[in-house]
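Have a look at input-v2.txt below; it lists compact mmCIF, C-alpha atoms and all ligand atoms.
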```txt
# COMPACT_ATOMS: atom_id res chain seq x y z
CA MET A 174 14.03 1.57 -15.20
CA ARG A 175 14.47 3.05 -18.69
CA ARG A 176 15.13 6.63 -17.43
CA LYS A 177 17.92 5.82 -14.98
CA GLU A 178 18.36 9.48 -13.98
CA LYS A 179 14.83 9.41 -12.49
CA ALA A 180 15.49 6.44 -10.19
CA ILE A 181 15.60 7.06 -6.44
CA THR A 182 17.93 4.59 -4.80
CA ASP A 183 18.29 6.25 -1.40
CA GLU A 184 16.43 3.84 0.88
CA SER A 185 15.61 6.51 3.46
CA GLU A 186 13.84 8.56 0.78
CA ILE A 187 11.80 5.52 -0.26
CA VAL A 188 10.88 4.72 3.35
CA ASP A 189 9.95 8.38 3.85
CA LEU A 190 7.57 8.24 0.88
CA LEU A 191 5.97 4.97 2.02
CA SER A 192 5.59 6.33 5.56
CA SER A 193 3.88 9.54 4.53
CA GLU A 194 1.21 8.42 2.07
CA THR A 195 -2.16 6.81 2.83
CA ILE A 196 -3.35 4.99 -0.30
CA VAL A 197 -1.74 1.96 -1.94
CA ARG A 198 -2.90 0.16 -5.04
CA LEU A 199 -2.60 -3.56 -4.58
CA ALA A 200 -2.34 -5.68 -7.70
CA LEU A 201 -3.22 -9.34 -7.34
CA ALA A 202 -3.48 -12.17 -9.82
CA GLU A 203 -5.79 -15.14 -9.99
CA LYS A 204 -4.49 -17.42 -12.71
CA ASN A 205 -4.17 -15.02 -15.64
CA VAL A 206 -6.76 -12.51 -14.42
CA PRO A 207 -5.33 -9.33 -12.85
CA TYR A 208 -7.20 -7.51 -10.06
CA MET A 209 -6.23 -4.12 -8.64
CA VAL A 210 -7.73 -2.59 -5.54
CA PRO A 211 -7.05 0.73 -3.76
CA VAL A 212 -6.78 0.58 0.03
CA ASN A 213 -5.43 2.61 2.94
CA TYR A 214 -2.29 1.33 4.58
CA GLY A 215 0.44 1.87 7.12
CA TYR A 216 4.12 1.12 6.54
CA ARG A 217 6.62 -0.14 9.08
CA ASP A 218 9.90 -2.06 8.91
CA GLY A 219 9.62 -3.38 5.38
CA ALA A 220 5.93 -4.26 5.46
CA LEU A 221 2.58 -2.73 4.50
CA TYR A 222 -0.41 -3.21 6.82
CA ILE A 223 -3.95 -3.07 5.44
CA HIS A 224 -7.19 -3.36 7.34
CA SER A 225 -9.90 -5.41 5.60
CA ALA A 226 -13.20 -7.18 5.96
CA PRO A 227 -12.54 -10.90 6.48
CA GLU A 228 -13.95 -11.85 3.09
CA GLY A 229 -14.19 -10.53 -0.46
CA ARG A 230 -12.35 -10.86 -3.73
CA LYS A 231 -8.91 -9.64 -2.61
CA LEU A 232 -8.88 -12.02 0.36
CA SER A 233 -10.03 -14.88 -1.83
CA ILE A 234 -7.23 -14.24 -4.36
CA ILE A 235 -4.56 -13.86 -1.68
CA GLY A 236 -5.69 -17.22 -0.30
CA LYS A 237 -4.67 -18.80 -3.62
CA ASN A 238 -1.75 -16.60 -4.62
CA ASP A 239 0.11 -14.51 -2.05
CA LEU A 240 2.27 -12.65 -4.58
CA VAL A 241 1.38 -8.95 -4.57
CA CYS A 242 2.51 -5.98 -6.65
CA PHE A 243 1.81 -2.54 -5.20
CA GLU A 244 2.10 1.13 -6.12
CA VAL A 245 2.17 4.31 -4.01
CA GLU A 246 2.60 7.84 -5.36
CA SER A 247 3.34 11.19 -3.81
CA GLY A 248 3.55 14.88 -4.76
CA VAL A 249 1.52 14.55 -7.96
CA ARG A 250 1.35 17.90 -9.74
CA MET A 251 0.75 18.82 -13.34
CA ILE A 252 3.41 21.00 -14.93
CA PRO A 253 1.66 23.07 -17.59
CA ALA A 254 3.18 24.23 -20.85
CA ASP A 255 2.18 26.22 -23.92
CA SER A 256 1.92 23.13 -26.10
CA ALA A 257 0.17 19.83 -25.44
CA CYS A 258 3.38 17.85 -25.81
CA GLY A 259 5.14 20.14 -23.33
CA PHE A 260 2.87 19.19 -20.41
CA SER A 261 4.34 16.87 -17.83
CA MET A 262 3.76 15.56 -14.34
CA ALA A 263 5.79 15.92 -11.17
CA TYR A 264 5.62 12.87 -8.92
CA ARG A 265 7.47 10.36 -6.81
CA SER A 266 6.26 6.78 -6.99
CA VAL A 267 7.16 3.39 -5.66
CA ILE A 268 6.39 0.05 -7.27
CA GLY A 269 7.14 -3.03 -5.23
CA TYR A 270 6.56 -6.74 -4.91
CA GLY A 271 5.89 -8.75 -1.80
CA ARG A 272 4.08 -11.64 -0.19
CA ALA A 273 0.75 -11.13 1.55
CA ARG A 274 -0.30 -12.95 4.66
CA ILE A 275 -3.48 -12.59 6.65
CA VAL A 276 -3.18 -11.61 10.31
CA ARG A 277 -6.11 -13.06 12.26
CA ASP A 278 -5.01 -12.99 15.92
CA ARG A 279 -6.31 -10.09 18.02
CA GLU A 280 -2.93 -8.89 19.27
CA GLY A 281 -1.42 -8.92 15.77
CA LYS A 282 -4.40 -6.98 14.46
CA ARG A 283 -4.23 -4.46 17.31
CA GLU A 284 -0.55 -3.77 16.57
CA ALA A 285 -1.27 -3.44 12.85
CA PHE A 286 -4.20 -1.08 13.45
CA GLU A 287 -1.94 1.18 15.49
CA ILE A 288 0.53 1.31 12.59
CA ILE A 289 -2.29 2.16 10.18
CA MET A 290 -3.92 4.74 12.47
CA LYS A 291 -0.59 6.43 13.23
CA GLN A 292 0.04 6.85 9.52
CA LEU A 293 -3.51 7.98 8.69
CA THR A 294 -4.02 10.36 11.62
CA GLY A 295 -0.56 11.10 13.03
CA SER A 296 -1.82 9.98 16.46
CA GLU A 297 -1.23 6.84 18.53
CA GLY A 298 -2.92 5.14 21.47
CA TRP A 299 -6.29 4.36 19.88
CA THR A 300 -8.43 1.66 21.41
CA TYR A 301 -10.01 -1.25 19.53
CA SER A 302 -12.80 -3.34 21.00
CA ASP A 303 -12.58 -7.12 20.66
CA LYS A 304 -15.87 -6.94 18.75
CA ALA A 305 -14.36 -4.57 16.18
CA LEU A 306 -11.17 -6.63 15.97
CA ASP A 307 -13.13 -9.83 15.40
CA LYS A 308 -14.97 -8.30 12.44
CA THR A 309 -11.78 -7.53 10.53
CA VAL A 310 -8.49 -8.99 9.38
CA VAL A 311 -5.17 -7.39 8.48
CA ILE A 312 -3.30 -8.01 5.29
CA LYS A 313 0.44 -7.81 5.94
CA VAL A 314 2.52 -7.44 2.79
CA VAL A 315 6.16 -8.26 3.44
CA ILE A 316 8.05 -6.30 0.80
CA GLU A 317 10.61 -8.28 -1.20
CA SER A 318 11.71 -5.70 -3.76
CA MET A 319 10.95 -2.09 -4.72
CA SER A 320 11.87 0.57 -7.21
CA CYS A 321 11.28 4.29 -6.83
CA LYS A 322 11.03 6.95 -9.50
CA LYS A 323 10.99 10.74 -9.29
CA SER A 324 9.94 13.10 -12.02
CA SER A 325 10.02 16.85 -11.74
CA SER A 326 9.96 17.83 -15.39
C1 LIG B 401 -9.26 5.63 -1.10
C2 LIG B 401 -9.77 4.26 -0.74
C3 LIG B 401 -9.34 3.67 0.44
C4 LIG B 401 -9.81 2.41 0.79
N1 LIG B 401 -9.32 1.81 1.93
C5 LIG B 401 -9.66 0.54 2.20
C6 LIG B 401 -9.06 -0.17 3.28
O1 LIG B 401 -8.21 0.35 4.02
N2 LIG B 401 -9.43 -1.46 3.48
C7 LIG B 401 -10.33 -2.07 2.67
O2 LIG B 401 -10.60 -3.26 2.88
N3 LIG B 401 -10.92 -1.44 1.65
C8 LIG B 401 -10.61 -0.15 1.39
N4 LIG B 401 -11.17 0.49 0.31
C9 LIG B 401 -12.19 -0.21 -0.47
C10 LIG B 401 -11.50 -1.16 -1.43
O3 LIG B 401 -11.11 -0.46 -2.61
C11 LIG B 401 -12.42 -2.33 -1.83
O4 LIG B 401 -13.64 -1.83 -2.32
C12 LIG B 401 -12.71 -3.25 -0.66
O5 LIG B 401 -11.51 -3.58 0.03
C13 LIG B 401 -13.38 -4.53 -1.13
O6 LIG B 401 -12.45 -5.23 -1.93
P1 LIG B 401 -12.75 -6.75 -2.35
O7 LIG B 401 -11.63 -7.21 -3.24
O8 LIG B 401 -13.03 -7.55 -1.13
O9 LIG B 401 -14.01 -6.54 -3.26
P2 LIG B 401 -15.46 -7.21 -3.20
O10 LIG B 401 -16.26 -6.51 -2.15
O11 LIG B 401 -15.34 -8.69 -3.09
O12 LIG B 401 -16.02 -6.77 -4.60
C14 LIG B 401 -15.62 -7.40 -5.78
C15 LIG B 401 -15.87 -6.56 -7.00
O13 LIG B 401 -16.37 -5.28 -6.67
C16 LIG B 401 -15.73 -4.28 -7.44
N5 LIG B 401 -15.00 -3.38 -6.53
C17 LIG B 401 -14.44 -3.66 -5.33
N6 LIG B 401 -13.83 -2.60 -4.82
C18 LIG B 401 -13.98 -1.61 -5.71
C19 LIG B 401 -13.53 -0.27 -5.75
N7 LIG B 401 -12.81 0.31 -4.77
N8 LIG B 401 -13.88 0.47 -6.83
C20 LIG B 401 -14.60 -0.07 -7.84
N9 LIG B 401 -15.04 -1.34 -7.86
C21 LIG B 401 -14.73 -2.10 -6.80
C22 LIG B 401 -14.79 -4.97 -8.39
O14 LIG B 401 -15.44 -5.13 -9.64
C23 LIG B 401 -14.59 -6.32 -7.76
O15 LIG B 401 -14.38 -7.34 -8.68
C24 LIG B 401 -10.73 1.74 -0.06
C25 LIG B 401 -11.15 2.35 -1.24
C26 LIG B 401 -10.66 3.57 -1.59
C27 LIG B 401 -11.09 4.19 -2.92
```
Since I need it in another form, could you write the structure as structure tokens?
Ligand SMILES: Cc1cc2nc3c(=O)[nH]c(=O)nc-3n(C[C@H](O)[C@H](O)[C@H](O)COP(=O)(O)OP(=O)(O)OC[C@H]3O[C@@H](n4cnc5c(N)ncnc54)[C@H](O)[C@@H]3O)c2cc1C
Amino acid sequence: MRRKEKAITDESEIVDLLSSETIVRLALAEKNVPYMVPVNYGYRDGALYIHSAPEGRKLSIIGKNDLVCFEVESGVRMIPADSACGFSMAYRSVIGYGRARIVRDREGKREAFEIIMKQLTGSEGWTYSDKALDKTVVIKVVIESMSCKKSSS
């Protein structure tokens, strides 16, 4: 990171950010064509969990290349100023890399859905019919590296 003073290295702060947000931007690559897609997610123990239809472009790309880059941001707020060049943005953001794998078994999906629903709603103990489970898959991104940046000026 060029601005070293803005780096967050405290792992608990990074985990806190990933555990409290709801939208992640997943960047995928098919040969030399980038593809970015926003999705909801849940975070637990070094992995992101994303609920998805069982087909579509992101699934097709992951099937050929499981390397994923992702971004999550938090606390975005414009800091106004009297001059255009004085404006800035407050934020905390994480950029990470990982490997995506598709969870297709019902029990694995049920566990992942609970992680996602807990993060999205704050509540646990939801029920998922086999019919609903069979219509979806879960993308599990096992995080391999991350950086975190904080700007307040
Ligand atoms: C806030 C938010 C949360 C979401 N949460 C989820 C989630 O949890 N799970 C999930 O599966 N999807 C979610 N979506 C929808 C997601 O962004 C994709 O539209 C969806 O996953 C289909 O992706 P795909 O690669 O299979 O695209 P396909 O259906 O295969 O479509 C391919 C083409 O459609 C276009 N396209 C696809 N998605 C978008 C988009 N969002 N905006 C503009 N153009 C698009 C692109 O040009 C792409 O090349 C969310 C979207 C938003 C904005």
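The interatomic distance for the pair atom C18 of ligand LIG 401 (chain B) and CA of Pro211 in chain A works out to 7.6 Å.
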Taking only C-alpha atoms and all ligand atoms into account, which of A:Val188, A:Leu221, A:Cys258, A:Val267 comes nearest ligand LIG 401 (chain B)?
-> A:Leu221
Closest to ligand LIG 401 (chain B) among A:Tyr264, A:Tyr222, A:Trp299, A:Tyr216, using only C-alpha atoms and all ligand atoms?
-> A:Tyr222
Hey, which residues come within 8 Å of ligand LIG 401 (chain B) if we count all atoms listed in the file? Could you give them as an NGL selection string?
-> :A and (196 or 208 or 210-214 or 223-226 or 228-233)
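Closest approach to Ala305 in chain A among A:Ala254, A:Val249, A:Pro227, A:Asp239 is made by A:Pro227 (distances from only C-alpha atoms).
Here CA of Arg277 in chain A and CA of Thr294 in chain A stand 23.5 Å from one another.
Picture a line from CA of Glu186 in chain A to CA of Gly259 in chain A; it runs 28.1 Å.
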Got a sec: who's within 9 Å of Ala263 in chain A, counting all atoms listed in the file, leaving out chain neighbours fewer than 6 positions off, as a ChimeraX atom specification?
-> /A:248-252,323-326
One residue among A:Ile289, A:Lys282, A:Glu203, A:Glu246 is nearest to Arg265 in chain A when using only C-alpha atoms, and that residue is A:Glu246
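Shortest atom-to-atom contact with Cys242 in chain A among A:Ala285, A:Val310, A:Val197, A:Met174: A:Val197, counting only C-alpha atoms.
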Best match for closeness to Asp189 in chain A among A:Leu201, A:Val206, A:Val276, A:Val245, counting only C-alpha atoms = A:Val245
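Point (4.3, 10.3, 7.9) has the following residues at most 12 Å away: Val188, Asp189, Leu190, Leu191, Ser192, Ser193, Glu194, Thr195, Tyr214, Gly215, Tyr216, Arg217, Ser247, Ile288, Ile289, Met290, Lys291, Gln292, Leu293, Thr294, Gly295 and Ser296 of chain A (atoms considered: all atoms listed in the file).
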Given 3 Å on each side, where is the centre and what are the edge lengths in Å to one decimal of the axis-aligned box enclosing the listed atoms of range 202-207 of chain A, as lines of an AutoDock Vina configuration file?
```
center_x = -5.1
center_y = -13.4
center_z = -12.7
size_x = 9.3
size_y = 14.1
size_z = 11.8
```
Copy range 252-273 of chain A out of the block into a file, keeping N, CA and C atoms, as a PDB file, in the first residue's frame.
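The resulting selection-v4.pdb:
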```pdb
ATOM      1  N   ILE A 252     -16.384  13.782   2.947  1.00  0.00           N
ATOM      2  CA  ILE A 252     -15.952  14.867   3.838  1.00  0.00           C
ATOM      3  C   ILE A 252     -15.847  16.125   2.983  1.00  0.00           C
ATOM      4  N   PRO A 253     -16.821  17.040   3.150  1.00  0.00           N
ATOM      5  CA  PRO A 253     -16.851  18.215   2.279  1.00  0.00           C
ATOM      6  C   PRO A 253     -15.764  19.237   2.635  1.00  0.00           C
ATOM      7  N   ALA A 254     -15.513  20.112   1.689  1.00  0.00           N
ATOM      8  CA  ALA A 254     -14.533  21.172   1.905  1.00  0.00           C
ATOM      9  C   ALA A 254     -14.960  22.378   1.092  1.00  0.00           C
ATOM     10  N   ASP A 255     -14.261  23.476   1.247  1.00  0.00           N
ATOM     11  CA  ASP A 255     -14.610  24.704   0.517  1.00  0.00           C
ATOM     12  C   ASP A 255     -14.137  24.664  -0.924  1.00  0.00           C
ATOM     13  N   SER A 256     -13.112  23.854  -1.184  1.00  0.00           N
ATOM     14  CA  SER A 256     -12.591  23.780  -2.556  1.00  0.00           C
ATOM     15  C   SER A 256     -12.714  22.351  -3.070  1.00  0.00           C
ATOM     16  N   ALA A 257     -12.838  22.216  -4.370  1.00  0.00           N
ATOM     17  CA  ALA A 257     -13.023  20.885  -4.971  1.00  0.00           C
ATOM     18  C   ALA A 257     -11.913  19.931  -4.554  1.00  0.00           C
ATOM     19  N   CYS A 258     -10.683  20.425  -4.561  1.00  0.00           N
ATOM     20  CA  CYS A 258      -9.555  19.531  -4.261  1.00  0.00           C
ATOM     21  C   CYS A 258      -9.457  19.206  -2.774  1.00  0.00           C
ATOM     22  N   GLY A 259     -10.251  19.913  -1.941  1.00  0.00           N
ATOM     23  CA  GLY A 259     -10.226  19.629  -0.509  1.00  0.00           C
ATOM     24  C   GLY A 259     -11.178  18.508  -0.105  1.00  0.00           C
ATOM     25  N   PHE A 260     -12.106  18.140  -0.986  1.00  0.00           N
ATOM     26  CA  PHE A 260     -13.055  17.063  -0.672  1.00  0.00           C
ATOM     27  C   PHE A 260     -12.315  15.744  -0.497  1.00  0.00           C
ATOM     28  N   SER A 261     -12.819  14.927   0.414  1.00  0.00           N
ATOM     29  CA  SER A 261     -12.242  13.581   0.533  1.00  0.00           C
ATOM     30  C   SER A 261     -13.329  12.622   1.002  1.00  0.00           C
ATOM     31  N   MET A 262     -12.934  11.402   1.230  1.00  0.00           N
ATOM     32  CA  MET A 262     -13.879  10.342   1.555  1.00  0.00           C
ATOM     33  C   MET A 262     -13.375   9.600   2.790  1.00  0.00           C
ATOM     34  N   ALA A 263     -14.279   9.387   3.739  1.00  0.00           N
ATOM     35  CA  ALA A 263     -13.930   8.507   4.858  1.00  0.00           C
ATOM     36  C   ALA A 263     -14.401   7.105   4.487  1.00  0.00           C
ATOM     37  N   TYR A 264     -13.591   6.123   4.779  1.00  0.00           N
ATOM     38  CA  TYR A 264     -13.977   4.725   4.477  1.00  0.00           C
ATOM     39  C   TYR A 264     -13.022   3.764   5.168  1.00  0.00           C
ATOM     40  N   ARG A 265     -13.450   2.527   5.257  1.00  0.00           N
ATOM     41  CA  ARG A 265     -12.558   1.405   5.543  1.00  0.00           C
ATOM     42  C   ARG A 265     -12.837   0.389   4.447  1.00  0.00           C
ATOM     43  N   SER A 266     -11.822  -0.193   3.890  1.00  0.00           N
ATOM     44  CA  SER A 266     -12.062  -1.168   2.818  1.00  0.00           C
ATOM     45  C   SER A 266     -11.058  -2.307   2.896  1.00  0.00           C
ATOM     46  N   VAL A 267     -11.530  -3.434   2.415  1.00  0.00           N
ATOM     47  CA  VAL A 267     -10.695  -4.640   2.375  1.00  0.00           C
ATOM     48  C   VAL A 267     -10.615  -5.107   0.937  1.00  0.00           C
ATOM     49  N   ILE A 268      -9.421  -5.431   0.489  1.00  0.00           N
ATOM     50  CA  ILE A 268      -9.246  -6.110  -0.800  1.00  0.00           C
ATOM     51  C   ILE A 268      -8.524  -7.420  -0.514  1.00  0.00           C
ATOM     52  N   GLY A 269      -9.074  -8.501  -1.036  1.00  0.00           N
ATOM     53  CA  GLY A 269      -8.458  -9.795  -0.757  1.00  0.00           C
ATOM     54  C   GLY A 269      -8.454 -10.691  -1.978  1.00  0.00           C
ATOM     55  N   TYR A 270      -7.723 -11.783  -1.823  1.00  0.00           N
ATOM     56  CA  TYR A 270      -7.648 -12.813  -2.863  1.00  0.00           C
ATOM     57  C   TYR A 270      -7.994 -14.147  -2.230  1.00  0.00           C
ATOM     58  N   GLY A 271      -8.589 -15.014  -3.015  1.00  0.00           N
ATOM     59  CA  GLY A 271      -8.900 -16.335  -2.498  1.00  0.00           C
ATOM     60  C   GLY A 271      -9.232 -17.295  -3.619  1.00  0.00           C
ATOM     61  N   ARG A 272      -9.590 -18.486  -3.214  1.00  0.00           N
ATOM     62  CA  ARG A 272      -9.989 -19.532  -4.170  1.00  0.00           C
ATOM     63  C   ARG A 272     -11.455 -19.850  -3.934  1.00  0.00           C
ATOM     64  N   ALA A 273     -12.217 -19.916  -5.013  1.00  0.00           N
ATOM     65  CA  ALA A 273     -13.650 -20.192  -4.908  1.00  0.00           C
ATOM     66  C   ALA A 273     -13.913 -21.670  -5.171  1.00  0.00           C
TER      67      ALA A 273
END
```
